[in-house]
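Undergrad: File name input-v4.cif; file contents mmCIF, C-alpha atoms and all ligand atoms; full text below.
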data_start
#
loop_
_atom_site.label_atom_id
_atom_site.label_comp_id
_atom_site.auth_asym_id
_atom_site.auth_seq_id
_atom_site.Cartn_x
_atom_site.Cartn_y
_atom_site.Cartn_z
CA MET A 99 86.02 130.03 98.20
CA THR A 100 87.73 126.86 99.36
CA THR A 101 90.61 127.36 101.77
CA TYR A 102 93.22 124.65 102.19
CA ARG A 103 95.38 124.52 105.29
CA LEU A 104 98.91 123.56 104.34
CA ALA A 105 102.04 122.85 106.36
CA SER A 106 105.45 123.79 105.02
CA ILE A 107 108.64 122.21 106.35
CA PRO A 108 111.49 123.77 104.32
CA GLY A 109 114.05 121.64 106.19
CA ASP A 110 117.72 121.77 105.28
CA GLY A 111 120.09 123.08 102.61
CA ILE A 112 118.53 123.75 99.21
CA GLY A 113 115.22 122.44 100.58
CA VAL A 114 114.72 125.93 101.98
CA ASP A 115 115.50 127.73 98.69
CA VAL A 116 113.33 125.55 96.47
CA THR A 117 110.39 125.58 98.90
CA VAL A 118 110.26 129.39 98.79
CA GLU A 119 109.89 129.18 95.00
CA ALA A 120 107.27 126.41 95.13
CA ARG A 121 105.20 128.50 97.56
CA LYS A 122 105.53 131.51 95.29
CA VAL A 123 104.08 129.45 92.45
CA LEU A 124 101.32 128.00 94.66
CA ASP A 125 100.29 131.43 95.90
CA ARG A 126 100.06 132.67 92.32
CA VAL A 127 98.11 129.65 91.09
CA SER A 128 95.64 129.77 93.98
CA ALA A 129 94.87 133.43 93.27
CA ARG A 130 94.27 132.59 89.63
CA PHE A 131 92.12 129.53 90.13
CA GLY A 132 89.92 130.75 92.97
CA PHE A 133 91.05 128.90 96.06
CA SER A 134 93.11 130.08 98.97
CA LEU A 135 96.00 128.60 100.90
CA GLU A 136 96.59 129.11 104.57
CA TRP A 137 100.20 128.24 105.39
CA THR A 138 101.90 127.30 108.63
CA GLU A 139 105.66 127.00 108.52
CA PHE A 140 107.59 124.57 110.72
CA ASP A 141 111.32 125.08 111.34
CA TRP A 142 112.00 121.35 111.80
CA SER A 143 115.52 120.73 110.55
CA CYS A 144 119.10 119.81 111.41
CA GLU A 145 119.49 123.34 112.71
CA ARG A 146 116.69 122.67 115.20
CA TYR A 147 118.42 119.42 116.13
CA ALA A 148 121.63 121.32 116.88
CA GLN A 149 119.76 123.72 119.15
CA LEU A 150 117.22 121.48 120.84
CA GLY A 151 118.42 117.92 120.30
CA ALA A 152 115.43 116.82 118.19
CA MET A 153 114.44 117.23 114.55
CA MET A 154 110.82 117.88 115.50
CA PRO A 155 108.83 118.26 118.72
CA GLU A 156 107.51 115.15 120.43
CA ASP A 157 103.97 115.94 119.30
CA GLY A 158 105.11 116.78 115.76
CA VAL A 159 102.89 114.17 114.14
CA ALA A 160 99.85 115.41 116.07
CA GLN A 161 100.61 119.01 115.05
CA LEU A 162 100.65 118.09 111.37
CA SER A 163 97.70 115.74 111.35
CA ALA A 164 95.11 118.51 110.96
CA TYR A 165 96.56 119.86 107.68
CA ASP A 166 95.22 119.18 104.19
CA GLY A 167 98.73 118.63 102.86
CA ILE A 168 102.41 119.02 103.64
CA LEU A 169 105.15 120.55 101.50
CA LEU A 170 108.58 119.34 102.57
CA GLY A 171 111.93 120.76 101.42
CA ALA A 172 114.66 118.26 102.24
CA VAL A 173 116.02 116.72 105.38
CA GLY A 174 119.65 116.04 106.28
CA PHE A 175 122.81 118.09 106.49
CA PRO A 176 126.46 117.47 107.42
CA GLY A 177 126.86 117.81 111.16
CA VAL A 178 123.97 115.52 112.02
CA PRO A 179 124.34 111.86 111.03
CA ASP A 180 121.89 111.06 108.22
CA HIS A 181 120.28 108.17 110.05
CA VAL A 182 119.57 110.50 112.98
CA SER A 183 118.07 113.33 110.91
CA LEU A 184 116.08 111.16 108.54
CA TRP A 185 114.75 108.79 111.20
CA GLY A 186 113.95 111.87 113.29
CA LEU A 187 111.70 113.53 110.72
CA LEU A 188 111.09 112.25 107.20
CA ILE A 189 110.73 108.54 107.83
CA PRO A 190 108.53 108.80 110.95
CA LEU A 191 106.18 111.19 109.11
CA ARG A 192 105.84 108.82 106.14
CA ARG A 193 104.99 106.01 108.55
CA ALA A 194 102.79 107.85 111.04
CA PHE A 195 100.60 109.15 108.23
CA GLN A 196 100.55 105.79 106.42
CA GLN A 197 101.91 107.42 103.26
CA TYR A 198 102.62 104.00 101.88
CA VAL A 199 102.80 105.14 98.24
CA ASN A 200 105.79 107.11 97.09
CA LEU A 201 104.82 108.25 93.62
CA ARG A 202 107.68 109.48 91.48
CA PRO A 203 106.70 110.47 87.96
CA VAL A 204 109.35 111.62 85.51
CA ARG A 205 109.21 112.87 81.95
CA LEU A 206 111.64 114.63 79.66
CA LEU A 207 110.50 118.24 79.79
CA PRO A 208 110.42 120.49 76.72
CA GLY A 209 113.60 122.42 76.02
CA THR A 210 115.75 120.00 77.99
CA THR A 211 117.85 117.10 76.77
CA SER A 212 118.38 113.68 78.23
CA VAL A 213 121.82 112.33 79.00
CA LEU A 214 120.67 109.42 76.85
CA ALA A 215 121.63 110.44 73.36
CA GLY A 216 118.91 110.56 70.75
CA ARG A 217 115.95 109.81 73.04
CA LYS A 218 112.76 111.74 72.39
CA ALA A 219 110.33 113.01 75.02
CA GLU A 220 107.71 110.33 74.30
CA GLU A 221 110.27 107.61 75.02
CA LEU A 222 111.12 109.12 78.39
CA GLU A 223 108.03 109.20 80.53
CA LEU A 224 107.57 106.77 83.37
CA VAL A 225 106.55 106.56 86.99
CA ILE A 226 108.15 104.79 89.90
CA VAL A 227 105.63 103.48 92.42
CA ARG A 228 107.79 102.99 95.47
CA GLU A 229 106.73 101.19 98.64
CA ASN A 230 107.18 103.83 101.32
CA SER A 231 106.43 102.36 104.73
CA GLU A 232 108.35 99.13 105.29
CA GLY A 233 110.73 96.81 103.42
CA GLU A 234 114.46 97.33 103.64
CA TYR A 235 114.01 100.55 105.65
CA SER A 236 113.85 98.97 109.06
CA ALA A 237 115.20 99.76 112.49
CA ILE A 238 115.29 96.08 113.38
CA GLY A 239 118.74 94.69 113.79
CA GLY A 240 121.84 95.69 115.62
CA ARG A 241 125.54 95.40 116.21
CA HIS A 242 126.99 92.31 117.82
CA ASN A 243 130.36 91.41 119.29
CA ALA A 244 131.42 95.05 119.18
CA GLY A 245 135.16 95.55 119.05
CA ARG A 246 135.92 91.87 118.46
CA PRO A 247 137.30 90.35 115.27
CA ASP A 248 133.98 88.56 114.74
CA GLU A 249 131.98 91.78 114.98
CA PHE A 250 128.89 91.92 112.74
CA VAL A 251 125.64 93.77 112.23
CA LEU A 252 122.20 92.48 111.30
CA GLN A 253 119.87 94.72 109.29
CA GLU A 254 116.42 93.18 108.95
CA SER A 255 113.81 93.86 106.27
CA VAL A 256 110.10 93.65 106.91
CA PHE A 257 107.68 92.81 104.10
CA THR A 258 104.07 92.35 105.20
CA ARG A 259 101.39 90.80 103.01
CA VAL A 260 99.19 93.86 103.49
CA GLY A 261 102.06 96.23 102.71
CA VAL A 262 103.22 94.45 99.56
CA GLU A 263 99.74 93.80 98.21
CA ARG A 264 98.50 97.38 98.57
CA ILE A 265 101.47 98.97 96.78
CA ILE A 266 101.31 96.47 93.94
CA ARG A 267 97.55 96.93 93.59
CA TYR A 268 98.09 100.73 93.50
CA ALA A 269 100.56 100.26 90.63
CA PHE A 270 98.14 98.13 88.61
CA GLU A 271 95.31 100.61 89.12
CA LEU A 272 97.59 103.44 88.06
CA ALA A 273 98.65 101.47 84.97
CA ARG A 274 95.01 101.29 83.87
CA THR A 275 95.04 105.10 83.60
CA ARG A 276 98.28 105.09 81.59
CA SER A 277 99.86 102.48 79.32
CA SER A 278 98.46 99.34 80.98
CA ARG A 279 101.97 98.04 81.65
CA VAL A 280 103.55 97.29 85.01
CA CYS A 281 107.10 96.13 85.62
CA SER A 282 108.00 94.86 89.08
CA ALA A 283 111.53 95.20 90.43
CA THR A 284 112.64 92.02 92.12
CA LYS A 285 115.87 90.39 93.25
CA SER A 286 114.61 86.94 94.11
CA ASN A 287 117.84 85.40 92.88
CA GLY A 288 119.77 86.98 95.75
CA LEU A 289 117.28 87.72 98.51
CA ILE A 290 115.70 84.40 99.30
CA HIS A 291 112.92 85.39 101.69
CA SER A 292 111.67 88.88 100.93
CA MET A 293 111.72 88.95 97.15
CA PRO A 294 110.16 85.53 96.43
CA PHE A 295 107.32 86.71 98.72
CA TRP A 296 107.09 89.99 96.78
CA ASP A 297 107.01 88.06 93.48
CA GLU A 298 104.32 85.70 94.73
CA ILE A 299 102.04 88.59 95.70
CA PHE A 300 102.83 90.39 92.43
CA ALA A 301 101.63 87.31 90.50
CA GLU A 302 98.45 87.09 92.60
CA VAL A 303 97.55 90.74 92.04
CA ALA A 304 98.50 90.57 88.34
CA ALA A 305 95.92 87.79 87.93
CA GLU A 306 93.23 90.26 89.03
CA PHE A 307 94.26 92.65 86.23
CA PRO A 308 94.23 90.52 83.03
CA ASP A 309 93.97 93.73 80.97
CA VAL A 310 97.33 95.01 82.29
CA ARG A 311 100.55 93.62 80.86
CA SER A 312 102.85 92.65 83.70
CA GLU A 313 106.42 91.53 83.93
CA ARG A 314 109.07 91.27 86.58
CA MET A 315 112.73 92.00 86.23
CA HIS A 316 115.65 91.68 88.57
CA VAL A 317 116.42 95.19 89.68
CA ASP A 318 119.95 95.12 88.26
CA ALA A 319 118.68 94.26 84.78
CA LEU A 320 115.86 96.75 85.20
CA ALA A 321 118.39 99.51 85.87
CA ALA A 322 120.14 98.61 82.63
CA ARG A 323 116.86 98.62 80.74
CA MET A 324 116.03 102.05 82.13
CA VAL A 325 119.16 103.35 80.41
CA GLN A 326 119.10 101.26 77.24
CA ALA A 327 115.38 100.97 76.48
CA PRO A 328 113.41 103.34 78.74
CA ASP A 329 110.54 103.35 76.25
CA ARG A 330 109.80 99.76 77.29
CA LEU A 331 108.99 100.91 80.83
CA ASP A 332 106.01 102.84 82.12
CA VAL A 333 104.77 101.97 85.63
CA VAL A 334 107.59 100.48 87.69
CA VAL A 335 106.64 99.09 91.11
CA ALA A 336 109.43 98.57 93.60
CA SER A 337 110.24 98.02 97.24
CA ASN A 338 111.39 100.91 99.41
CA LEU A 339 115.13 100.62 98.69
CA PHE A 340 114.90 99.55 95.06
CA GLY A 341 112.37 102.33 94.41
CA ASP A 342 114.69 104.85 96.01
CA ILE A 343 117.59 103.92 93.76
CA LEU A 344 115.51 103.57 90.60
CA SER A 345 113.91 106.97 91.14
CA ASP A 346 117.24 108.82 91.14
CA LEU A 347 118.15 106.89 87.99
CA ALA A 348 114.82 107.80 86.38
CA ALA A 349 115.44 111.44 87.31
CA ALA A 350 118.93 111.30 85.84
CA ILE A 351 117.74 110.11 82.43
CA THR A 352 115.01 112.77 82.24
CA GLY A 353 116.92 115.94 82.98
CA GLY A 354 118.42 115.39 86.39
CA LEU A 355 117.57 115.51 90.08
CA GLY A 356 116.54 119.15 89.78
CA MET A 357 113.48 118.10 87.79
CA ALA A 358 111.94 115.11 89.59
CA PRO A 359 108.99 115.49 91.98
CA SER A 360 107.64 113.05 94.50
CA GLY A 361 104.47 112.47 96.51
CA ASN A 362 104.26 110.52 99.76
CA ILE A 363 100.63 109.56 99.49
CA ASN A 364 98.08 108.15 101.88
CA PRO A 365 95.45 106.97 99.40
CA SER A 366 92.73 106.74 102.05
CA GLY A 367 92.92 110.48 102.70
CA GLU A 368 92.60 109.82 106.42
CA SER A 369 95.82 111.65 107.15
CA PRO A 370 97.78 114.20 105.17
CA SER A 371 99.97 113.37 102.21
CA MET A 372 103.38 115.00 101.84
CA PHE A 373 105.05 116.35 98.72
CA GLU A 374 108.74 116.93 98.11
CA ALA A 375 111.38 116.73 95.41
CA VAL A 376 113.17 113.41 94.86
CA HIS A 377 116.47 115.14 95.56
CA GLY A 378 118.00 115.95 98.92
CA SER A 379 119.47 119.02 100.59
CA ALA A 380 122.48 119.16 98.21
CA PRO A 381 125.09 120.44 100.69
CA ASP A 382 127.54 120.92 97.79
CA ILE A 383 125.47 123.81 96.38
CA ALA A 384 123.52 124.91 99.47
CA GLY A 385 123.56 128.61 100.31
CA GLN A 386 124.49 129.62 96.76
CA GLY A 387 120.97 130.27 95.45
CA ILE A 388 121.55 128.17 92.34
CA ALA A 389 119.48 125.02 92.96
CA ASN A 390 116.92 124.15 90.33
CA PRO A 391 113.46 124.69 91.87
CA VAL A 392 111.57 122.80 89.15
CA ALA A 393 111.38 119.48 91.05
CA GLN A 394 109.85 121.21 94.07
CA ILE A 395 107.48 123.26 91.87
CA LEU A 396 106.30 120.04 90.20
CA ALA A 397 105.88 118.50 93.67
CA ALA A 398 103.69 121.49 94.49
CA ALA A 399 101.65 120.66 91.36
CA MET A 400 101.20 117.12 92.70
CA LEU A 401 100.04 118.63 95.98
CA VAL A 402 97.29 120.73 94.41
CA GLU A 403 96.29 117.79 92.21
CA HIS A 404 95.95 115.73 95.39
CA LEU A 405 93.71 118.47 96.83
CA GLY A 406 91.47 118.05 93.78
CA GLU A 407 92.58 121.25 92.01
CA THR A 408 93.42 119.43 88.77
CA VAL A 409 93.22 122.46 86.48
CA ALA A 410 95.61 124.41 88.72
CA ALA A 411 98.03 121.47 88.71
CA GLN A 412 97.95 121.33 84.92
CA ALA A 413 98.54 125.08 84.77
CA ILE A 414 101.69 124.75 86.90
CA ARG A 415 103.05 121.97 84.70
CA ALA A 416 102.27 123.98 81.56
CA ALA A 417 104.01 127.05 83.03
CA VAL A 418 107.13 124.98 83.80
CA ASP A 419 107.08 123.55 80.27
CA ARG A 420 106.75 127.01 78.72
CA VAL A 421 109.60 128.52 80.71
CA LEU A 422 111.94 125.60 80.01
CA ASP A 423 110.98 125.48 76.35
CA GLU A 424 111.75 129.19 75.94
CA GLY A 425 115.13 128.51 77.49
CA ARG A 426 115.67 132.09 78.64
CA VAL A 427 116.00 131.20 82.32
CA ARG A 428 118.18 128.25 83.30
CA THR A 429 119.91 127.25 86.50
CA PRO A 430 123.48 125.87 86.24
CA ASP A 431 122.36 122.21 86.22
CA LEU A 432 120.45 123.07 83.00
CA GLY A 433 123.50 124.73 81.49
CA GLY A 434 122.59 128.30 82.44
CA THR A 435 123.70 130.90 84.96
CA ASP A 436 120.38 131.90 86.52
CA THR A 437 119.42 131.68 90.18
CA THR A 438 116.79 129.59 91.94
CA GLU A 439 114.82 132.80 92.50
CA ARG A 440 114.88 133.81 88.81
CA LEU A 441 113.58 130.45 87.65
CA GLY A 442 110.88 130.33 90.34
CA THR A 443 109.72 133.85 89.47
CA ALA A 444 109.70 133.02 85.74
CA VAL A 445 107.38 130.06 86.39
CA ALA A 446 105.12 132.14 88.64
CA GLU A 447 104.94 134.87 85.98
CA ALA A 448 104.20 132.33 83.25
CA LEU A 449 101.00 131.52 85.16
CA GLY A 450 99.72 134.98 84.19
P1 LIG B 501 121.23 115.20 96.84
O1 LIG B 501 120.01 114.84 96.04
O2 LIG B 501 121.02 116.22 97.88
O3 LIG B 501 122.38 115.69 95.85
C1 LIG B 501 122.94 114.87 94.83
C2 LIG B 501 123.56 115.74 93.72
O4 LIG B 501 122.51 116.33 92.94
C3 LIG B 501 124.41 116.90 94.27
O5 LIG B 501 125.50 117.11 93.43
C4 LIG B 501 123.46 118.08 94.19
O6 LIG B 501 124.09 119.33 94.04
C5 LIG B 501 122.61 117.74 92.96
N1 LIG B 501 121.25 118.31 93.09
C6 LIG B 501 120.26 117.83 93.87
N2 LIG B 501 119.18 118.59 93.77
C7 LIG B 501 119.48 119.59 92.92
C8 LIG B 501 118.75 120.71 92.42
N3 LIG B 501 117.49 120.96 92.79
N4 LIG B 501 119.37 121.54 91.56
C9 LIG B 501 120.63 121.31 91.17
N5 LIG B 501 121.38 120.26 91.59
C10 LIG B 501 120.80 119.42 92.47
O7 LIG B 501 121.76 113.82 97.44
P2 LIG B 501 122.87 113.55 98.59
O8 LIG B 501 124.04 114.45 98.37
O9 LIG B 501 123.04 112.11 98.61
O10 LIG B 501 122.15 113.96 99.94
C11 LIG B 501 122.36 115.16 100.66
C12 LIG B 501 121.55 115.13 101.94
O11 LIG B 501 120.15 115.11 101.65
C13 LIG B 501 121.81 113.90 102.79
O12 LIG B 501 121.71 114.29 104.13
C14 LIG B 501 120.67 112.98 102.43
O13 LIG B 501 120.37 112.04 103.43
C15 LIG B 501 119.54 113.98 102.26
N6 LIG B 501 118.43 113.57 101.40
C16 LIG B 501 117.18 113.94 101.79
C17 LIG B 501 116.09 113.68 100.99
C18 LIG B 501 114.72 114.09 101.44
O14 LIG B 501 114.59 114.83 102.39
N7 LIG B 501 113.69 113.63 100.80
C19 LIG B 501 116.27 113.03 99.76
C20 LIG B 501 117.56 112.66 99.38
C21 LIG B 501 118.65 112.94 100.21
C1 LIG B 502 114.36 109.94 99.26
C2 LIG B 502 115.57 109.96 100.16
C3 LIG B 502 115.26 109.27 101.47
C4 LIG B 502 114.82 107.84 101.18
C5 LIG B 502 116.44 109.25 102.45
C6 LIG B 502 116.96 110.63 102.69
C7 LIG B 502 116.10 108.55 103.73
O1 LIG B 502 116.67 109.40 99.53
O2 LIG B 502 113.30 110.46 99.65
O3 LIG B 502 114.48 109.44 98.15
O4 LIG B 502 115.64 106.99 100.89
O5 LIG B 502 113.63 107.60 101.25
MN MN B 503 116.33 108.98 97.43
#
What's the C-alpha cells form of this structure?
Ligand code: NAD
Ligand code: IPM
Ligand code: MN

TA:
Amino acid sequence: MTTYRLASIPGDGIGVDVTVEARKVLDRVSARFGFSLEWTEFDWSCERYAQLGAMMPEDGVAQLSAYDGILLGAVGFPGVPDHVSLWGLLIPLRRAFQQYVNLRPVRLLPGTTSVLAGRKAEELELVIVRENSEGEYSAIGGRHNAGRPDEFVLQESVFTRVGVERIIRYAFELARTRSSRVCSATKSNGLIHSMPFWDEIFAEVAAEFPDVRSERMHVDALAARMVQAPDRLDVVVASNLFGDILSDLAAAITGGLGMAPSGNINPSGESPSMFEAVHGSAPDIAGQGIANPVAQILAAAMLVEHLGETVAAQAIRAAVDRVLDEGRVRTPDLGGTDTTERLGTAVAEALG
C-alpha cells in the first residue's frame, strides 16, 4: 500500500475549522481507495507569532521539504499585521518551494445558485492560472522622506522572462486539456513596463500554440466580462495581483468564497506543492463553527489528484456534489443553519 507523508498547517481563524473537515474527508477517502496518509501537524500561525515572535521556525522550509504535499488552512489574524504574518509564512513557502503556479478552478456546483441571475452550471466553469512567485508581490521598495510633506513610498514589481513565460506556457498547456481558449489579463495601458513585457511574452508563447485560441484583455474589462459573459472565459492567465483579485471574483460568481479551492503547484515535483482554499481566515466568523468547509475539501481533492490518486479526487468531488445537490446540509453562506462539522461529516459519509 502506498503511504503519502503529508504536512498540515491549519493556521489561523476558520483555517483551523475547515482543515479538520478536509482531513476527515481525506482519511475516509484513503481508507476507501487503498492508500494511507501519514500526517504531521504544524502549529505555525499568528498565535505562534504572539508567543515566539515568528510565524514559523527558522528551518521551517527545510522541515517541510521532505513531505509529499502540504495542506494549509489560512494565514493572518487581527493582532498581527497582515504583511508580517503573510510574509512570515505563506509567501515564503510559495517561493521557497517554487510553487509558481497558483491554480484556482471554479465551477457552479449542483444545488447551488450563482449571484448572476439565470446562469447555468455549464456557463460557469473556469480556471484562474495565477503567477505565484513574483510580479507585484515584491519586498523591493521603501518609504522615503518619512514625516515630511513630500513623503512617498516606492513599491516595485518584478517580472522575469523565465517567470512570465513558464506561467503562460502552463496556461496554454492546460487549455489544450479543456476548451483550447486562453485569456490573458493585462493592463498595458496603465503599467508601461511590466505589462507590455507580459503581453510580448504572451504573444510569443501563443505563437507556439496555434491550436489554442488566445486573447488578451485589460484586467478591468476582464472583470466586467467575468460578470456579464462568464461563458466566454475558460482559462484565464494572470499576474500575481491580478490573479488574486480575479480569483475572488470567480469564486463569488460560482457560489462564494466558501466553495473555491486553490493549489500552489511546483510542476517539476522537486519540492512539495501546497493546497488551500482561496479564502482567508475570516475573522468575522472565526470561532463560531459555521464556515463552509467545501473550498478546503475541494483543495484536499486537488492534493490527492496531485499525488496521482485521480479516482479518489473524483470521488471527493462527486461526494461534495451529491451532498450539495441533496441540500439537506448547508452552512449559513449557503442559506442554511448547519455547522462546519455537519457539512464535513456529510461529505465524508457520502464517500461510503
Ligand atoms: P476572507 O476570505 O478571510 O473573508 C472574506 C469574507 O468571506 C468574510 O466575510 C468571510 O466571513 C467570508 N468567508 C471566507 N471564507 C468563508 C467560508 N469558508 N465560509 C463562509 N464564509 C467565508 O478575506 P479577508 O477578510 O480579506 O482576510 C482575512 C484574513 O485572512 C487576513 O489576515 C488576510 O490577509 C488573510 N488571508 C489569508 C489567505 C491565505 O492564507 N491563503 C487568503 C486570503 C486572506
Ligand atoms: C490568497 C491571499 C494571499 C495572496 C494573501 C493573504 C497574501 O489573498 O492566497 O489569495 O494574495 O496571495
Ligand atoms: Mn486572495

Undergrad: One decimal, Å: what's the distance from atom CA of A:Val227 over to atom CA of A:Ala399, could you say?

TA: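 Answer for the atom CA of A:Val227 to atom CA of A:Ala399 separation: 17.7 Å.
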
Undergrad: For A:Val409, please output as a list in words all residues within 9 Å (counting all atoms listed in the file; exclusion window: fewer than 5 positions along the same chain).

TA: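 Neighbouring residues, sequence-local ones excluded: Phe131, Glu403 and Ile414 of chain A.
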
Undergrad: Set the distance at 8 Å and use only C-alpha atoms: which residues neighbour A:Ser337 once local chain neighbours fewer than 3 positions away are removed? I'd like the list as a list in words.

TA: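 Residues near the query, excluding close chain neighbours: Arg228, Glu229, Asn230, Gly233, Glu234, Ala283, Phe340 and Gly341 of chain A.
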
Undergrad: Could you pull the residues within 6 Å of stretch 284-290 of chain A, counting all atoms listed in the file, minus those fewer than 6 positions along the same chain, as a ChimeraX atom specification?

TA: /A:315-317

Undergrad: As a PyMOL selection string, please: every protein or nucleic acid residue near ligand MN 503 (chain B) (cut-off 7 Å, counting all atoms listed in the file).

TA: chain A and resi 342-343+346+376-377

Undergrad: Since we have the selection now, will you write its residues out, keeping C-alpha atoms, as an mmCIF file, in the frame of the given file?

TA:
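Written output follows (part.cif):
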data_model
loop_
_atom_site.group_PDB
_atom_site.id
_atom_site.type_symbol
_atom_site.label_atom_id
_atom_site.label_comp_id
_atom_site.auth_asym_id
_atom_site.auth_seq_id
_atom_site.Cartn_x
_atom_site.Cartn_y
_atom_site.Cartn_z
ATOM 1 C CA ASP A 342 114.690 104.850 96.010
ATOM 2 C CA ILE A 343 117.590 103.920 93.760
ATOM 3 C CA ASP A 346 117.240 108.820 91.140
ATOM 4 C CA VAL A 376 113.170 113.410 94.860
ATOM 5 C CA HIS A 377 116.470 115.140 95.560
#

Undergrad: Tell me which residues come within 8 Å of (124.1, 92.7, 109.2), as a PyMOL selection string, counting all atoms listed in the file in the file's coordinates.

TA: chain A and resi 239-241+250-254

Undergrad: List all protein, DNA and RNA residues that have at least one atom no more than 6 Å from any atom of ligand LIG 501 (chain B), counting only C-alpha atoms and all ligand atoms, and write them as an mmCIF file with C-alpha atoms, in the coordinates of the input.

TA:
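In the end it all went to out26.cif:
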data_model
loop_
_atom_site.group_PDB
_atom_site.id
_atom_site.type_symbol
_atom_site.label_atom_id
_atom_site.label_comp_id
_atom_site.auth_asym_id
_atom_site.auth_seq_id
_atom_site.Cartn_x
_atom_site.Cartn_y
_atom_site.Cartn_z
ATOM 1 C CA ALA A 172 114.660 118.260 102.240
ATOM 2 C CA VAL A 173 116.020 116.720 105.380
ATOM 3 C CA GLY A 174 119.650 116.040 106.280
ATOM 4 C CA PHE A 175 122.810 118.090 106.490
ATOM 5 C CA ASP A 180 121.890 111.060 108.220
ATOM 6 C CA LEU A 355 117.570 115.510 90.080
ATOM 7 C CA GLY A 356 116.540 119.150 89.780
ATOM 8 C CA VAL A 376 113.170 113.410 94.860
ATOM 9 C CA HIS A 377 116.470 115.140 95.560
ATOM 10 C CA GLY A 378 118.000 115.950 98.920
ATOM 11 C CA SER A 379 119.470 119.020 100.590
ATOM 12 C CA ALA A 380 122.480 119.160 98.210
ATOM 13 C CA PRO A 381 125.090 120.440 100.690
ATOM 14 C CA ASP A 382 127.540 120.920 97.790
ATOM 15 C CA ILE A 383 125.470 123.810 96.380
ATOM 16 C CA ALA A 389 119.480 125.020 92.960
ATOM 17 C CA ASN A 390 116.920 124.150 90.330
ATOM 18 C CA PRO A 391 113.460 124.690 91.870
ATOM 19 C CA ASP A 431 122.360 122.210 86.220
#

Undergrad: Suppose you want the space between atom CA of A:Leu170 and atom CA of A:Pro108; what is it in Å?

TA: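 Atom CA of A:Pro108 lies 5.6 Å from atom CA of A:Leu170.
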
Undergrad: Tell me, as a PyMOL selection string, which residues lie within 10 Å of A:Ser163, counting all atoms listed in the file; anything in the same chain fewer than 3 positions away does not count.

TA: chain A and resi 105+158-160+166-168+191+194-195+368-371

Undergrad: Quick one: write out the picked residues with C-alpha atoms as a PDB file, keeping the file's coordinate frame?

TA:
ATOM      1  CA  ALA A 105     102.040 122.850 106.360  1.00  0.00           C
ATOM      2  CA  GLY A 158     105.110 116.780 115.760  1.00  0.00           C
ATOM      3  CA  VAL A 159     102.890 114.170 114.140  1.00  0.00           C
ATOM      4  CA  ALA A 160      99.850 115.410 116.070  1.00  0.00           C
ATOM      5  CA  ASP A 166      95.220 119.180 104.190  1.00  0.00           C
ATOM      6  CA  GLY A 167      98.730 118.630 102.860  1.00  0.00           C
ATOM      7  CA  ILE A 168     102.410 119.020 103.640  1.00  0.00           C
ATOM      8  CA  LEU A 191     106.180 111.190 109.110  1.00  0.00           C
ATOM      9  CA  ALA A 194     102.790 107.850 111.040  1.00  0.00           C
ATOM     10  CA  PHE A 195     100.600 109.150 108.230  1.00  0.00           C
ATOM     11  CA  GLU A 368      92.600 109.820 106.420  1.00  0.00           C
ATOM     12  CA  SER A 369      95.820 111.650 107.150  1.00  0.00           C
ATOM     13  CA  PRO A 370      97.780 114.200 105.170  1.00  0.00           C
ATOM     14  CA  SER A 371      99.970 113.370 102.210  1.00  0.00           C
TER      15      SER A 371
END

Undergrad: Using only C-alpha atoms, determine which residues lie at most 9 Å from A:Cys281, disregarding the query and same-chain residues fewer than 6 positions distant; provide the list as a PyMOL selection string.

TA: chain A and resi 311-315+320+331-336

Undergrad: Atom CA of A:Met293 to atom C4 of ligand LIG 502 (chain B): how many Å, to one decimal?

TA: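 Computing the Euclidean distance for atom CA of A:Met293 and atom C4 of ligand LIG 502 (chain B) yields 19.6 Å.
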
Undergrad: Using only C-alpha atoms, can you tell me which of A:Ala397, A:Leu162, A:Met324, A:Val303 comes closest to A:Arg192?

TA: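 Residue with the minimum atom-to-atom distance to A:Arg192: A:Leu162.
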
Undergrad: So which one's closest to A:Ala358, A:Val402, A:Ala444, A:Val225, A:Val325? Using only C-alpha atoms, please.

TA: A:Val225

Undergrad: Quick one: of A:Leu169, A:Ala350, A:Leu187, A:Cys144, who's nearest to ligand LIG 502 (chain B), counting all atoms listed in the file?

TA: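 Under the stated criterion, the closest residue is A:Leu187.
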
Undergrad: Generate N, CA and C atoms for stretch 99-107 of chain A and emit them as a PDB file, keeping the file's coordinate frame.

TA:
ATOM      1  N   MET A  99      84.697 130.454  98.693  1.00  0.00           N
ATOM      2  CA  MET A  99      86.020 130.030  98.200  1.00  0.00           C
ATOM      3  C   MET A  99      86.602 128.965  99.118  1.00  0.00           C
ATOM      4  N   THR A 100      87.122 127.906  98.537  1.00  0.00           N
ATOM      5  CA  THR A 100      87.730 126.860  99.360  1.00  0.00           C
ATOM      6  C   THR A 100      89.079 127.331  99.898  1.00  0.00           C
ATOM      7  N   THR A 101      89.299 127.079 101.171  1.00  0.00           N
ATOM      8  CA  THR A 101      90.610 127.360 101.770  1.00  0.00           C
ATOM      9  C   THR A 101      91.238 126.047 102.185  1.00  0.00           C
ATOM     10  N   TYR A 102      92.476 125.840 101.764  1.00  0.00           N
ATOM     11  CA  TYR A 102      93.220 124.650 102.190  1.00  0.00           C
ATOM     12  C   TYR A 102      94.246 125.070 103.224  1.00  0.00           C
ATOM     13  N   ARG A 103      94.380 124.255 104.252  1.00  0.00           N
ATOM     14  CA  ARG A 103      95.380 124.520 105.290  1.00  0.00           C
ATOM     15  C   ARG A 103      96.602 123.659 104.991  1.00  0.00           C
ATOM     16  N   LEU A 104      97.717 124.300 104.730  1.00  0.00           N
ATOM     17  CA  LEU A 104      98.910 123.560 104.340  1.00  0.00           C
ATOM     18  C   LEU A 104     100.058 123.798 105.325  1.00  0.00           C
ATOM     19  N   ALA A 105     100.850 122.752 105.533  1.00  0.00           N
ATOM     20  CA  ALA A 105     102.040 122.850 106.360  1.00  0.00           C
ATOM     21  C   ALA A 105     103.261 122.871 105.460  1.00  0.00           C
ATOM     22  N   SER A 106     104.203 123.748 105.777  1.00  0.00           N
ATOM     23  CA  SER A 106     105.450 123.790 105.020  1.00  0.00           C
ATOM     24  C   SER A 106     106.603 123.494 105.969  1.00  0.00           C
ATOM     25  N   ILE A 107     107.436 122.529 105.569  1.00  0.00           N
ATOM     26  CA  ILE A 107     108.640 122.210 106.350  1.00  0.00           C
ATOM     27  C   ILE A 107     109.824 122.361 105.389  1.00  0.00           C
TER      28      ILE A 107
END
